[in-house]
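Colleague: mmCIF, C-alpha atoms and all ligand atoms, file protein23.cif:
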```cif
data_my_file
loop_
_atom_site.label_atom_id
_atom_site.label_comp_id
_atom_site.auth_asym_id
_atom_site.auth_seq_id
_atom_site.Cartn_x
_atom_site.Cartn_y
_atom_site.Cartn_z
CA MET O 1 11.50 64.00 90.31
CA THR O 2 13.64 64.80 93.33
CA PHE O 3 12.73 63.89 96.87
CA ILE O 4 12.91 66.26 99.80
CA LEU O 5 15.10 63.80 101.71
CA GLU O 6 16.86 60.68 100.60
CA THR O 7 19.38 58.23 101.99
CA ARG O 8 21.47 56.06 99.68
CA ASN O 9 23.03 52.98 101.21
CA VAL O 10 23.51 54.74 104.52
CA SER O 11 25.31 52.75 107.20
CA TYR O 12 26.27 53.99 110.64
CA SER O 13 28.21 52.51 113.52
CA TYR O 14 28.49 54.16 116.94
CA GLY O 15 31.87 54.53 118.62
CA ASP O 16 31.46 51.25 120.53
CA GLY O 17 31.01 49.38 117.25
CA THR O 18 27.19 49.03 117.40
CA GLU O 19 25.95 48.90 113.82
CA ALA O 20 22.83 51.04 114.05
CA LEU O 21 22.05 51.44 110.33
CA LYS O 22 22.83 48.95 107.57
CA ARG O 23 22.75 50.22 104.00
CA VAL O 24 19.46 52.10 104.36
CA SER O 25 18.07 53.56 101.12
CA ILE O 26 14.82 55.50 101.40
CA SER O 27 13.32 58.51 99.67
CA LEU O 28 10.77 60.86 101.18
CA ASP O 29 8.26 62.96 99.25
CA GLU O 30 7.76 66.62 100.04
CA GLY O 31 4.66 67.60 102.01
CA LYS O 32 3.97 64.11 103.33
CA LYS O 33 3.33 62.86 106.87
CA ILE O 34 5.78 60.03 107.44
CA ALA O 35 5.96 57.71 110.46
CA LEU O 36 8.98 55.56 111.28
CA VAL O 37 7.87 52.55 113.31
CA GLY O 38 9.78 49.63 114.72
CA PRO O 39 10.92 48.08 117.97
CA ASN O 40 13.48 49.64 120.33
CA GLY O 41 16.92 49.64 118.80
CA ALA O 42 15.63 49.37 115.20
CA GLY O 43 17.58 52.48 114.21
CA LYS O 44 14.75 55.03 113.97
CA SER O 45 16.46 57.74 116.06
CA THR O 46 19.80 57.18 114.36
CA LEU O 47 18.17 57.58 110.94
CA MET O 48 16.43 60.77 112.05
CA LEU O 49 19.74 62.20 113.26
CA MET O 50 21.12 61.59 109.74
CA PHE O 51 18.46 63.75 108.13
CA ASN O 52 19.78 67.06 109.43
CA GLY O 53 23.40 66.14 109.69
CA ILE O 54 23.62 65.67 113.47
CA LEU O 55 25.20 62.30 112.63
CA ARG O 56 27.33 61.65 109.57
CA PRO O 57 27.01 58.29 107.78
CA SER O 58 29.91 55.86 108.12
CA ALA O 59 29.09 54.92 104.51
CA GLY O 60 26.57 56.10 101.92
CA GLU O 61 25.04 59.55 101.53
CA VAL O 62 22.11 61.69 102.63
CA LEU O 63 20.48 64.07 100.14
CA PHE O 64 18.30 67.10 100.77
CA HIS O 65 16.37 68.31 97.68
CA GLY O 66 18.58 66.02 95.61
CA ARG O 67 21.85 67.51 96.84
CA THR O 68 24.28 65.48 98.91
CA LEU O 69 24.67 66.83 102.44
CA ARG O 70 28.01 68.39 103.23
CA TYR O 71 29.34 68.54 106.73
CA ASP O 72 31.20 71.87 106.89
CA SER O 73 29.70 74.26 109.43
CA ALA O 74 28.01 76.59 106.89
CA SER O 75 26.29 73.68 105.10
CA LEU O 76 25.22 72.13 108.40
CA ARG O 77 23.77 75.41 109.63
CA GLU O 78 21.75 75.70 106.43
CA VAL O 79 20.35 72.16 106.54
CA ARG O 80 19.55 72.37 110.26
CA ARG O 81 17.58 75.50 109.62
CA LYS O 82 15.47 73.78 106.98
CA VAL O 83 15.24 70.36 108.62
CA GLY O 84 14.30 70.94 112.28
CA MET O 85 14.62 68.22 114.88
CA VAL O 86 12.48 67.94 118.02
CA PHE O 87 14.00 65.49 120.50
CA GLN O 88 12.03 62.90 122.41
CA ASN O 89 12.95 64.38 125.75
CA SER O 90 12.26 68.12 125.76
CA ASP O 91 14.75 68.60 128.60
CA ASP O 92 17.50 67.63 126.14
CA GLN O 93 16.39 70.49 123.90
CA LEU O 94 15.43 73.34 126.22
CA PHE O 95 18.28 74.95 128.08
CA ALA O 96 17.81 78.74 128.16
CA PRO O 97 16.56 80.45 131.34
CA THR O 98 13.37 81.72 129.68
CA VAL O 99 10.96 80.45 127.04
CA TYR O 100 11.66 83.47 124.83
CA GLN O 101 15.42 82.96 124.92
CA ASP O 102 14.98 79.33 124.06
CA VAL O 103 12.78 80.02 121.06
CA ALA O 104 14.99 82.93 119.93
CA PHE O 105 18.16 80.83 120.16
CA GLY O 106 17.88 79.42 116.63
CA PRO O 107 17.21 82.72 114.83
CA VAL O 108 19.93 84.48 116.90
CA ASN O 109 22.37 81.74 115.96
CA LEU O 110 21.45 82.11 112.31
CA GLY O 111 22.48 85.77 112.58
CA PHE O 112 18.98 87.24 112.07
CA PRO O 113 18.79 90.96 113.02
CA GLU O 114 17.15 91.66 116.40
CA ASP O 115 13.79 92.84 115.05
CA LYS O 116 13.52 89.73 112.86
CA VAL O 117 14.39 87.51 115.82
CA LYS O 118 11.64 89.15 117.86
CA LYS O 119 9.13 88.82 115.06
CA TYR O 120 9.90 85.16 114.31
CA ALA O 121 10.07 84.08 117.95
CA GLY O 122 6.81 85.94 118.59
CA TYR O 123 5.04 84.27 115.66
CA ALA O 124 6.33 80.86 116.65
CA LEU O 125 5.13 81.23 120.25
CA GLN O 126 1.78 82.48 119.07
CA TYR O 127 1.50 79.54 116.69
CA VAL O 128 2.03 76.98 119.43
CA GLY O 129 -0.38 78.83 121.72
CA LEU O 130 2.23 80.08 124.19
CA SER O 131 2.09 83.85 123.78
CA GLY O 132 2.46 85.28 127.27
CA TYR O 133 4.88 82.55 128.36
CA GLU O 134 7.97 84.46 127.19
CA ARG O 135 9.48 85.07 130.63
CA ARG O 136 8.67 81.69 132.13
CA PRO O 137 11.53 79.26 132.78
CA PRO O 138 11.01 76.22 130.50
CA HIS O 139 11.75 73.71 133.25
CA HIS O 140 8.66 74.88 135.16
CA LEU O 141 6.31 74.02 132.30
CA SER O 142 4.22 70.89 131.81
CA GLY O 143 5.38 68.15 129.43
CA GLY O 144 2.99 69.28 126.70
CA GLU O 145 4.05 72.93 127.08
CA LYS O 146 7.74 72.01 126.94
CA LYS O 147 7.11 70.09 123.72
CA ARG O 148 5.37 73.13 122.28
CA VAL O 149 8.31 75.39 123.22
CA ALA O 150 10.66 72.94 121.51
CA ILE O 151 8.46 73.01 118.39
CA ALA O 152 8.32 76.83 118.52
CA GLY O 153 12.13 76.94 118.63
CA ILE O 154 12.20 75.00 115.37
CA LEU O 155 9.36 76.96 113.76
CA ALA O 156 11.16 80.25 114.46
CA MET O 157 13.72 79.16 111.85
CA GLU O 158 11.03 78.56 109.20
CA PRO O 159 11.87 74.92 108.49
CA GLU O 160 10.63 72.91 105.49
CA VAL O 161 10.79 69.62 107.35
CA LEU O 162 10.01 68.85 111.00
CA ILE O 163 11.39 65.68 112.50
CA LEU O 164 9.97 64.60 115.84
CA ASP O 165 11.33 61.67 117.79
CA GLU O 166 8.45 60.01 119.69
CA PRO O 167 6.44 63.27 119.89
CA THR O 168 3.74 61.88 122.16
CA SER O 169 5.79 59.75 124.55
CA ASN O 170 5.35 60.85 128.18
CA LEU O 171 2.41 63.09 127.32
CA ASP O 172 -1.12 62.60 128.61
CA PRO O 173 -3.78 61.85 125.96
CA ALA O 174 -5.05 65.43 125.75
CA SER O 175 -1.54 66.89 125.32
CA SER O 176 -0.72 64.21 122.75
CA GLU O 177 -3.81 65.14 120.76
CA GLU O 178 -2.92 68.82 120.91
CA ILE O 179 0.58 68.13 119.59
CA MET O 180 -0.68 65.86 116.79
CA ASP O 181 -3.33 68.42 115.84
CA MET O 182 -0.59 71.03 115.60
CA LEU O 183 1.49 68.75 113.38
CA ASP O 184 -1.53 68.24 111.10
CA GLU O 185 -1.99 71.98 110.84
CA LEU O 186 1.68 72.51 109.99
CA ASN O 187 1.50 69.76 107.38
CA CYS O 188 -1.60 71.39 105.93
CA GLY O 189 0.56 74.51 105.53
CA GLY O 190 2.98 72.48 103.38
CA LYS O 191 5.62 71.26 105.84
CA THR O 192 6.92 67.73 105.56
CA MET O 193 6.53 65.89 108.86
CA ILE O 194 8.55 62.89 109.99
CA ILE O 195 7.86 61.24 113.32
CA SER O 196 9.04 58.08 115.00
CA THR O 197 6.59 56.28 117.21
CA HIS O 198 5.77 53.03 119.00
CA ASP O 199 2.12 53.97 118.88
CA VAL O 200 0.85 51.84 116.00
CA ASP O 201 -2.66 53.30 116.18
CA LEU O 202 -1.23 56.78 115.82
CA ALA O 203 1.06 55.81 112.92
CA TYR O 204 -1.78 53.97 111.19
CA HIS O 205 -4.33 56.75 111.10
CA TRP O 206 -1.94 59.72 110.97
CA ALA O 207 0.74 58.89 108.44
CA ASP O 208 0.56 59.09 104.65
CA GLU O 209 3.51 56.74 104.61
CA VAL O 210 4.74 54.25 107.19
CA ILE O 211 8.34 53.04 107.21
CA LEU O 212 8.80 49.86 109.22
CA MET O 213 12.32 49.41 110.56
CA GLU O 214 14.04 46.50 112.21
CA ASP O 215 17.65 45.81 113.10
CA GLY O 216 19.10 48.84 111.31
CA GLY O 217 17.20 48.31 108.06
CA VAL O 218 13.83 48.96 106.39
CA LEU O 219 11.51 45.95 106.50
CA HIS O 220 8.62 47.48 104.60
CA ARG O 221 7.25 50.85 103.56
CA GLY O 222 3.94 51.99 102.16
CA THR O 223 0.58 53.27 103.32
CA GLY O 224 -0.58 52.25 106.79
CA GLN O 225 -2.91 49.71 105.17
CA GLU O 226 -0.07 48.18 103.18
CA VAL O 227 2.38 47.97 106.07
CA PHE O 228 -0.02 46.96 108.84
CA GLY O 229 -1.94 44.67 106.49
CA ASP O 230 1.00 42.26 106.76
CA ALA O 231 0.42 40.75 110.20
CA GLU O 232 3.45 38.41 109.98
CA LEU O 233 5.82 41.26 109.30
CA ILE O 234 4.36 43.29 112.15
CA LYS O 235 4.84 40.35 114.50
CA ARG O 236 8.41 39.92 113.31
CA ALA O 237 9.04 43.58 114.16
CA ARG O 238 7.65 42.93 117.66
CA LEU O 239 4.83 45.42 117.13
CA LYS O 240 1.10 44.91 117.44
CA LEU O 241 -1.63 45.58 114.94
CA PRO O 242 -3.57 48.84 115.17
CA ILE O 243 -6.85 48.15 116.97
CA VAL O 244 -8.92 48.95 113.86
CA VAL O 245 -6.97 46.40 111.82
CA ASP O 246 -7.07 43.80 114.60
CA LEU O 247 -10.84 44.07 114.96
CA TYR O 248 -11.34 44.03 111.19
CA LYS O 249 -9.29 40.83 110.82
CA GLU O 250 -11.21 39.13 113.64
CA LEU O 251 -14.56 40.00 112.09
CA VAL O 252 -13.45 38.93 108.60
CA GLY O 253 -12.01 35.71 110.09
CA ARG O 254 -15.39 34.88 111.65
CA GLY O 255 -17.23 35.63 108.45
CA LEU O 256 -19.01 38.61 110.00
CA LEU O 257 -17.52 41.10 107.60
CA ASN O 258 -16.49 41.12 103.96
CA GLY O 259 -13.65 43.31 102.87
CA SER O 260 -10.57 43.33 100.73
CA LYS O 261 -8.47 45.69 102.84
CA PRO O 262 -8.67 47.02 106.38
CA PRO O 263 -10.41 50.34 107.04
CA ARG O 264 -8.12 53.27 107.73
CA ASN O 265 -10.02 54.70 110.66
CA VAL O 266 -13.15 54.53 112.80
CA LEU O 267 -15.17 56.31 110.13
CA GLU O 268 -14.29 53.78 107.45
CA PHE O 269 -14.79 50.93 109.90
CA THR O 270 -18.27 52.16 110.77
CA ASP O 271 -19.14 52.46 107.08
CA LEU O 272 -17.90 48.94 106.46
CA LEU O 273 -20.06 47.60 109.28
CA VAL O 274 -23.10 49.54 108.13
CA SER O 275 -22.75 48.48 104.49
CA GLY O 276 -22.06 44.88 105.59
CA ASN O 277 -25.27 44.79 107.57
CA ARG O 278 -27.55 46.60 105.18
CA GLY O 279 -25.94 46.08 101.80
CA THR O 280 -25.45 49.81 101.32
CA THR O 281 -24.32 52.93 103.16
CA SER O 282 -27.17 53.97 105.39
CA GLN O 283 -29.19 56.80 103.91
CA GLU O 284 -32.27 56.21 106.06
CA VAL O 285 -31.46 58.89 108.64
CA LEU O 286 -31.62 62.50 107.62
CA LEU O 287 -27.97 63.50 107.56
CA GLY O 288 -26.69 66.22 109.86
CA LYS O 289 -24.94 69.31 108.52
CA ILE O 290 -21.38 70.37 109.17
CA TYR O 291 -20.75 74.07 109.76
CA ILE O 292 -17.21 75.31 109.32
CA CYS O 293 -16.39 78.55 111.08
CA ASN O 294 -13.22 80.38 110.05
CA VAL O 295 -12.03 81.95 113.31
CA ASP O 296 -9.74 84.32 111.38
CA GLY O 297 -12.90 86.27 110.60
CA PRO O 298 -15.06 87.13 113.60
CA ASP O 299 -14.11 88.35 117.07
CA LEU O 300 -15.04 86.60 120.30
CA GLU O 301 -18.53 88.02 120.43
CA GLY O 302 -19.02 87.03 116.80
CA ILE O 303 -18.03 83.45 117.55
CA LYS O 304 -20.51 83.29 120.40
CA GLY O 305 -23.16 84.67 118.05
CA ILE O 306 -22.43 81.92 115.55
CA LEU O 307 -22.86 79.24 118.16
CA GLU O 308 -26.21 80.61 119.19
CA LYS O 309 -27.49 80.60 115.63
CA VAL O 310 -26.28 77.33 114.17
CA HIS O 311 -27.62 74.96 116.83
CA ALA O 312 -24.83 72.45 116.48
CA SER O 313 -25.03 69.42 118.73
CA TYR O 314 -21.25 69.06 118.67
CA THR O 315 -18.39 71.51 118.41
CA GLY O 316 -14.81 70.74 117.49
CA ALA O 317 -11.73 72.93 117.10
CA MET O 318 -8.81 72.29 114.78
CA GLY O 319 -5.54 74.15 115.15
CA THR O 320 -4.13 76.32 117.91
CA ASN O 321 -5.90 79.56 116.95
CA ALA O 322 -9.30 77.95 116.99
CA LYS O 323 -8.63 76.28 120.33
CA ILE O 324 -7.48 79.53 121.92
CA MET O 325 -10.56 81.27 120.54
CA ALA O 326 -12.84 78.56 121.93
CA GLU O 327 -11.18 78.82 125.33
CA GLN O 328 -11.48 82.61 125.41
CA ALA O 329 -15.12 82.46 124.36
CA ARG O 330 -15.73 79.68 126.91
CA ILE O 331 -17.03 77.37 124.24
CA PRO O 332 -16.91 73.77 125.46
CA LEU O 333 -15.32 71.53 122.86
CA ASP O 334 -16.50 68.00 122.16
CA PHE O 335 -13.68 67.26 119.72
CA THR O 336 -10.11 68.51 119.72
CA TYR O 337 -8.51 65.88 117.49
CA GLY O 338 -9.66 63.89 114.48
CA VAL O 339 -12.33 66.59 114.30
CA ILE O 340 -13.40 66.22 110.67
CA ASP O 341 -14.00 62.47 110.86
CA LYS O 342 -15.84 62.81 114.16
CA CYS O 343 -18.13 65.45 112.66
CA ILE O 344 -18.77 63.22 109.62
CA LEU O 345 -19.66 60.38 111.99
CA LYS O 346 -22.11 62.66 113.79
CA ALA O 347 -23.60 63.85 110.47
CA LEU O 348 -24.24 60.21 109.58
CA THR O 349 -26.32 59.88 112.73
CA GLY O 350 -28.31 62.99 111.86
CA LYS O 351 -26.54 65.43 114.18
CA ASN O 352 -25.28 68.89 113.21
CA SER O 353 -21.77 69.85 114.18
CA LEU O 354 -19.55 72.89 114.03
CA ILE O 355 -15.85 72.92 113.19
CA MET O 356 -13.91 75.96 114.37
CA THR O 357 -10.69 76.32 112.45
CA SER O 358 -8.61 78.79 110.45
CA GLY O 359 -6.43 79.39 107.40
CA GLY O 360 -5.83 76.50 105.02
CA MET O 361 -7.59 74.09 107.38
CA VAL O 362 -10.97 75.46 106.24
CA ASP O 363 -10.52 74.26 102.67
CA HIS O 364 -8.78 71.13 103.89
CA SER O 365 -11.93 70.29 105.90
CA VAL O 366 -14.20 70.86 102.92
CA ARG O 367 -11.97 68.69 100.71
CA ARG O 368 -11.92 65.89 103.27
CA ILE O 369 -15.72 65.89 103.62
CA ARG O 370 -16.15 66.08 99.85
CA ALA O 371 -13.79 63.13 99.36
CA TYR O 372 -15.74 61.13 101.94
CA CYS O 373 -19.05 61.95 100.24
CA GLU O 374 -17.73 60.96 96.83
CA GLU O 375 -16.45 57.67 98.19
CA SER O 376 -19.47 56.75 100.28
CA GLY O 377 -22.33 58.29 98.34
CA ALA O 378 -23.49 60.22 101.43
CA ASN O 379 -24.66 63.76 100.79
CA ILE O 380 -23.55 65.85 103.74
CA VAL O 381 -24.23 69.57 103.53
CA VAL O 382 -21.28 71.74 104.52
CA ILE O 383 -21.85 75.36 105.38
CA LYS O 384 -18.92 77.75 105.54
CA LEU O 385 -19.39 80.56 108.02
CA ALA O 386 -17.57 83.82 108.48
CA GLN O 387 -15.01 84.03 105.71
CA PRO O 388 -12.36 86.66 106.48
CA ALA O 389 -12.79 89.86 104.46
CA GLU O 390 -10.65 92.92 103.92
CA SER O 391 -13.39 95.04 105.46
CA SER O 392 -15.06 94.40 108.78
CA MET O 393 -14.79 90.69 109.55
CA ASN O 394 -17.60 90.96 112.00
CA SER O 395 -20.17 92.46 109.72
CA ASP O 396 -19.16 90.03 107.02
CA MET O 397 -19.82 87.16 109.37
CA GLN O 398 -23.19 88.62 110.30
CA LYS O 399 -24.03 88.92 106.62
CA VAL O 400 -23.21 85.30 105.98
CA LEU O 401 -25.14 84.17 109.02
CA SER O 402 -28.24 86.13 108.26
CA GLN O 403 -28.58 84.51 104.85
CA LYS O 404 -30.87 81.56 104.56
CA GLU O 405 -28.97 78.30 104.70
CA SER O 406 -30.17 77.34 101.26
CA THR O 407 -28.21 80.21 99.74
CA THR O 408 -24.98 79.66 101.65
CA PRO O 409 -24.23 75.96 101.75
CA ILE O 410 -21.67 74.24 99.69
CA GLU O 411 -23.61 71.16 98.84
CA VAL O 412 -21.14 68.35 99.06
CA ALA O 413 -22.56 65.62 96.90
CA GLN O 414 -21.22 62.71 94.89
P1 LIG Q 501 15.45 53.27 117.94
O1 LIG Q 501 15.32 54.76 117.82
O2 LIG Q 501 14.73 52.54 116.85
O3 LIG Q 501 15.11 52.76 119.29
P2 LIG Q 501 18.30 53.78 117.89
O4 LIG Q 501 18.61 54.48 116.63
O5 LIG Q 501 18.20 54.58 119.14
O6 LIG Q 501 17.00 52.89 117.69
O7 LIG Q 501 19.40 52.65 118.15
C1 LIG Q 501 19.86 51.78 117.14
C2 LIG Q 501 21.00 50.96 117.73
O8 LIG Q 501 22.08 51.81 118.06
C3 LIG Q 501 20.62 50.22 119.02
O9 LIG Q 501 21.29 49.00 119.02
C4 LIG Q 501 21.15 51.14 120.11
O10 LIG Q 501 21.50 50.41 121.27
C5 LIG Q 501 22.40 51.71 119.44
N1 LIG Q 501 22.73 53.05 119.93
C6 LIG Q 501 21.94 54.13 119.94
N2 LIG Q 501 22.59 55.20 120.44
C7 LIG Q 501 23.83 54.78 120.76
C8 LIG Q 501 24.99 55.40 121.32
N3 LIG Q 501 24.98 56.70 121.62
N4 LIG Q 501 26.09 54.64 121.52
C9 LIG Q 501 26.10 53.33 121.19
N5 LIG Q 501 25.06 52.68 120.64
C10 LIG Q 501 23.92 53.40 120.44
#
```
Please rewrite the model in this file as structure tokens.
Ligand code: ADP

Modeller:
Amino acid sequence: MTFILETRNVSYSYGDGTEALKRVSISLDEGKKIALVGPNGAGKSTLMLMFNGILRPSAGEVLFHGRTLRYDSASLREVRRKVGMVFQNSDDQLFAPTVYQDVAFGPVNLGFPEDKVKKYAGYALQYVGLSGYERRPPHHLSGGEKKRVAIAGILAMEPEVLILDEPTSNLDPASSEEIMDMLDELNCGGKTMIISTHDVDLAYHWADEVILMEDGGVLHRGTGQEVFGDAELIKRARLKLPIVVDLYKELVGRGLLNGSKPPRNVLEFTDLLVSGNRGTTSQEVLLGKIYICNVDGPDLEGIKGILEKVHASYTGAMGTNAKIMAEQARIPLDFTYGVIDKCILKALTGKNSLIMTSGGMVDHSVRRIRAYCEESGANIVVIKLAQPAESSMNSDMQKVLSQKESTTPIEVAQ
């Protein structure tokens, strides 16, 4: 099996002699969400710059799809197209006088014909929710908007891998959530995502794989539970434990909780507490339902109609399209990040919720809820609304909605 990216004994020294990487050998699987964590100066940024050939190893080699990177200009252009890099500081990345020119820069540079440039830049801007911003100067945008322009510039080149150095640093919590939600959506579409971050809570719940770096080398790698389960190592790397892990360890230490490994997120933590207190996952409350509305189907009026009929206590949106739709329809959102888990938590307290989303995220949501139900024994009913059809989306949605719930739900049971 080949990896999408690999380093073999990569070392790198900067011009002043600083040894930033020391014989680093790691391999990254395609389609994964990977977080590099570690203290300042650990070598995270330097390693990221190796992945698309911005830096060349002093020793060792970097491989993309099993092939050693070459550093002639044609090979570099090719790898930079497929492995896109979003810098920590957007001002280092955005330089053109308008948003459109910035996003079009990559495709123009790759020699795409003008109509293709327009199409790709247009799609990319639409994807990040910035259609209509084409003529704006990037330096007048907010931090979150600048980050989205930088991501659009990479997306316009159709990359396989996105590398983001500290994607949420300097962003307010809402903008951070929007960016992370977008990264989830892109990953759901098959792109490999690599981020570096100091935010241990983010790395813990977001990443499939965490790579802990220190002093130019890899200290540990594995799932968040494996890496952050080793408190000594985390201390050595001058990081702190994710809050979920910290709380879990305290409660286990005081004999208030039994458990063999820390929960991955608030949902698992809640389940652990509930089962600890009652000996089993709580089934006493009537579980709420989760409605999933595919916004690719209905129009604005249709969406409003759905809301009126499903009586959801909570509404969440996943992905840019769904959020734009919610804003246009003036639908107040309770959840904009971690939406699936939050809706499961609400279902466990007997409340109905609605997830607005689109594309592959619909099935992703169903799979996630199904996996939770299988693991926990809970039996949450999921109802898909408004599947897109070749014919009139709107009438299709109405048809689905007018059916009795008992004929439409996907019963998600053990
Ligand atoms: P991190 O991203 O984990 O903070 P970096 O890769 O930025 O780590 O830095 C690794 C080491 O390389 C640090 O000792 C840092 O001071 C040094 N370094 C980074 N960039 C440069 C540079 N341009 N010139 C000299 N040393 C650098």

Colleague: What does the structure give for the distance between CA of Arg236 (chain O) and CA of Leu5 (chain O), in Å to one decimal?

Modeller: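 Distance reported for this atom pair: 27.4 Å.
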
Colleague: Using all atoms listed in the file, which residues of the polymer chains come no farther than 8 Å from ligand LIG 501 (chain Q)? I'd like the answer as a list in words.

Modeller: Ser13, Tyr14, Gly15, Asp16, Gly17, Thr18, Glu19, Ala20, Leu21, Val37, Gly38, Pro39, Asn40, Gly41, Ala42, Gly43, Lys44, Ser45, Thr46, Leu47, Asp165, Ser196, Met213, Glu214, Asp215 and Gly216 of chain O

Colleague: So that I have them on file, write out the residues from the current selection with C-alpha atoms, as a JSON list (two decimals), in the frame of the given file.

Modeller:
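Written file, again30.json:
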```
[["chain", "number", "residue", "atom", "x", "y", "z"],
["O", 13, "SER", "CA", 28.21, 52.51, 113.52],
["O", 14, "TYR", "CA", 28.49, 54.16, 116.94],
["O", 15, "GLY", "CA", 31.87, 54.53, 118.62],
["O", 16, "ASP", "CA", 31.46, 51.25, 120.53],
["O", 17, "GLY", "CA", 31.01, 49.38, 117.25],
["O", 18, "THR", "CA", 27.19, 49.03, 117.40],
["O", 19, "GLU", "CA", 25.95, 48.90, 113.82],
["O", 20, "ALA", "CA", 22.83, 51.04, 114.05],
["O", 21, "LEU", "CA", 22.05, 51.44, 110.33],
["O", 37, "VAL", "CA", 7.87, 52.55, 113.31],
["O", 38, "GLY", "CA", 9.78, 49.63, 114.72],
["O", 39, "PRO", "CA", 10.92, 48.08, 117.97],
["O", 40, "ASN", "CA", 13.48, 49.64, 120.33],
["O", 41, "GLY", "CA", 16.92, 49.64, 118.80],
["O", 42, "ALA", "CA", 15.63, 49.37, 115.20],
["O", 43, "GLY", "CA", 17.58, 52.48, 114.21],
["O", 44, "LYS", "CA", 14.75, 55.03, 113.97],
["O", 45, "SER", "CA", 16.46, 57.74, 116.06],
["O", 46, "THR", "CA", 19.80, 57.18, 114.36],
["O", 47, "LEU", "CA", 18.17, 57.58, 110.94],
["O", 165, "ASP", "CA", 11.33, 61.67, 117.79],
["O", 196, "SER", "CA", 9.04, 58.08, 115.00],
["O", 213, "MET", "CA", 12.32, 49.41, 110.56],
["O", 214, "GLU", "CA", 14.04, 46.50, 112.21],
["O", 215, "ASP", "CA", 17.65, 45.81, 113.10],
["O", 216, "GLY", "CA", 19.10, 48.84, 111.31]]
```

Colleague: Compile the contact shell of Trp206 (chain O) as a list in words: residues with an atom at most 12 Å away, counting all atoms listed in the file, same-chain residues fewer than 5 positions apart removed.

Modeller: Lys32, Lys33, Ile34, Ala35, Leu36, Glu177, Met180, Asp181, Leu183, Asp184, Asn187, Met193, Ile194, Ile195, Ser196, Thr197, Asp199, Val200, Asp201, Thr223, Gly224, Gln225, Pro242, Arg264, Asn265, Tyr337 and Gly338 of chain O

Colleague: If we count only C-alpha atoms, what is near Glu145 (chain O) at a cut-off of 9 Å, once residues fewer than 3 positions away on the same chain are taken out, given as a compact mmCIF listing (two decimals) with C-alpha atoms, in the frame of the given file?

Modeller:
```txt
# COMPACT_ATOMS: atom_id res chain seq x y z
CA VAL O 128 2.03 76.98 119.43
CA LEU O 130 2.23 80.08 124.19
CA PRO O 138 11.01 76.22 130.50
CA LEU O 141 6.31 74.02 132.30
CA SER O 142 4.22 70.89 131.81
CA ARG O 148 5.37 73.13 122.28
CA VAL O 149 8.31 75.39 123.22
CA ALA O 150 10.66 72.94 121.51
CA SER O 175 -1.54 66.89 125.32
```

Colleague: In the coordinates of the file, take the point (12.3, 89.6, 114.7) and a cut-off of 12 Å; then, counting only C-alpha atoms, name each qualifying protein, DNA or RNA residue as a list of chain:residue names.

Modeller: O:Tyr100, O:Val103, O:Ala104, O:Phe105, O:Gly106, O:Pro107, O:Val108, O:Gly111, O:Phe112, O:Pro113, O:Glu114, O:Asp115, O:Lys116, O:Val117, O:Lys118, O:Lys119, O:Tyr120, O:Ala121, O:Gly122, O:Tyr123, O:Ala124, O:Ala156, O:Met157

Colleague: Just C-alpha atoms for this one: save the residues we selected as a PDB file, in the coordinates of the input.

Modeller:
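Saved to part.pdb:
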```pdb
ATOM      1  CA  TYR O 100      11.660  83.470 124.830  1.00  0.00           C
ATOM      2  CA  VAL O 103      12.780  80.020 121.060  1.00  0.00           C
ATOM      3  CA  ALA O 104      14.990  82.930 119.930  1.00  0.00           C
ATOM      4  CA  PHE O 105      18.160  80.830 120.160  1.00  0.00           C
ATOM      5  CA  GLY O 106      17.880  79.420 116.630  1.00  0.00           C
ATOM      6  CA  PRO O 107      17.210  82.720 114.830  1.00  0.00           C
ATOM      7  CA  VAL O 108      19.930  84.480 116.900  1.00  0.00           C
ATOM      8  CA  GLY O 111      22.480  85.770 112.580  1.00  0.00           C
ATOM      9  CA  PHE O 112      18.980  87.240 112.070  1.00  0.00           C
ATOM     10  CA  PRO O 113      18.790  90.960 113.020  1.00  0.00           C
ATOM     11  CA  GLU O 114      17.150  91.660 116.400  1.00  0.00           C
ATOM     12  CA  ASP O 115      13.790  92.840 115.050  1.00  0.00           C
ATOM     13  CA  LYS O 116      13.520  89.730 112.860  1.00  0.00           C
ATOM     14  CA  VAL O 117      14.390  87.510 115.820  1.00  0.00           C
ATOM     15  CA  LYS O 118      11.640  89.150 117.860  1.00  0.00           C
ATOM     16  CA  LYS O 119       9.130  88.820 115.060  1.00  0.00           C
ATOM     17  CA  TYR O 120       9.900  85.160 114.310  1.00  0.00           C
ATOM     18  CA  ALA O 121      10.070  84.080 117.950  1.00  0.00           C
ATOM     19  CA  GLY O 122       6.810  85.940 118.590  1.00  0.00           C
ATOM     20  CA  TYR O 123       5.040  84.270 115.660  1.00  0.00           C
ATOM     21  CA  ALA O 124       6.330  80.860 116.650  1.00  0.00           C
ATOM     22  CA  ALA O 156      11.160  80.250 114.460  1.00  0.00           C
ATOM     23  CA  MET O 157      13.720  79.160 111.850  1.00  0.00           C
TER      24      MET O 157
END
```

Colleague: Write out as a list of chain:residue names each polymer residue whose atoms come within 6 Å of Arg221 (chain O), counting all atoms listed in the file; drop sequence neighbours fewer than 5 positions from it.

Modeller: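 Final neighbour list, sorted by chain and number: O:Val210, O:Ile211, O:Leu212.
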
Colleague: Could you turn the residues from that selection into a file that holds C-alpha atoms, as a JSON list (two decimals), keeping the file's coordinate frame?

Modeller:
```json
[["chain", "number", "residue", "atom", "x", "y", "z"],
["O", 210, "VAL", "CA", 4.74, 54.25, 107.19],
["O", 211, "ILE", "CA", 8.34, 53.04, 107.21],
["O", 212, "LEU", "CA", 8.80, 49.86, 109.22]]
```
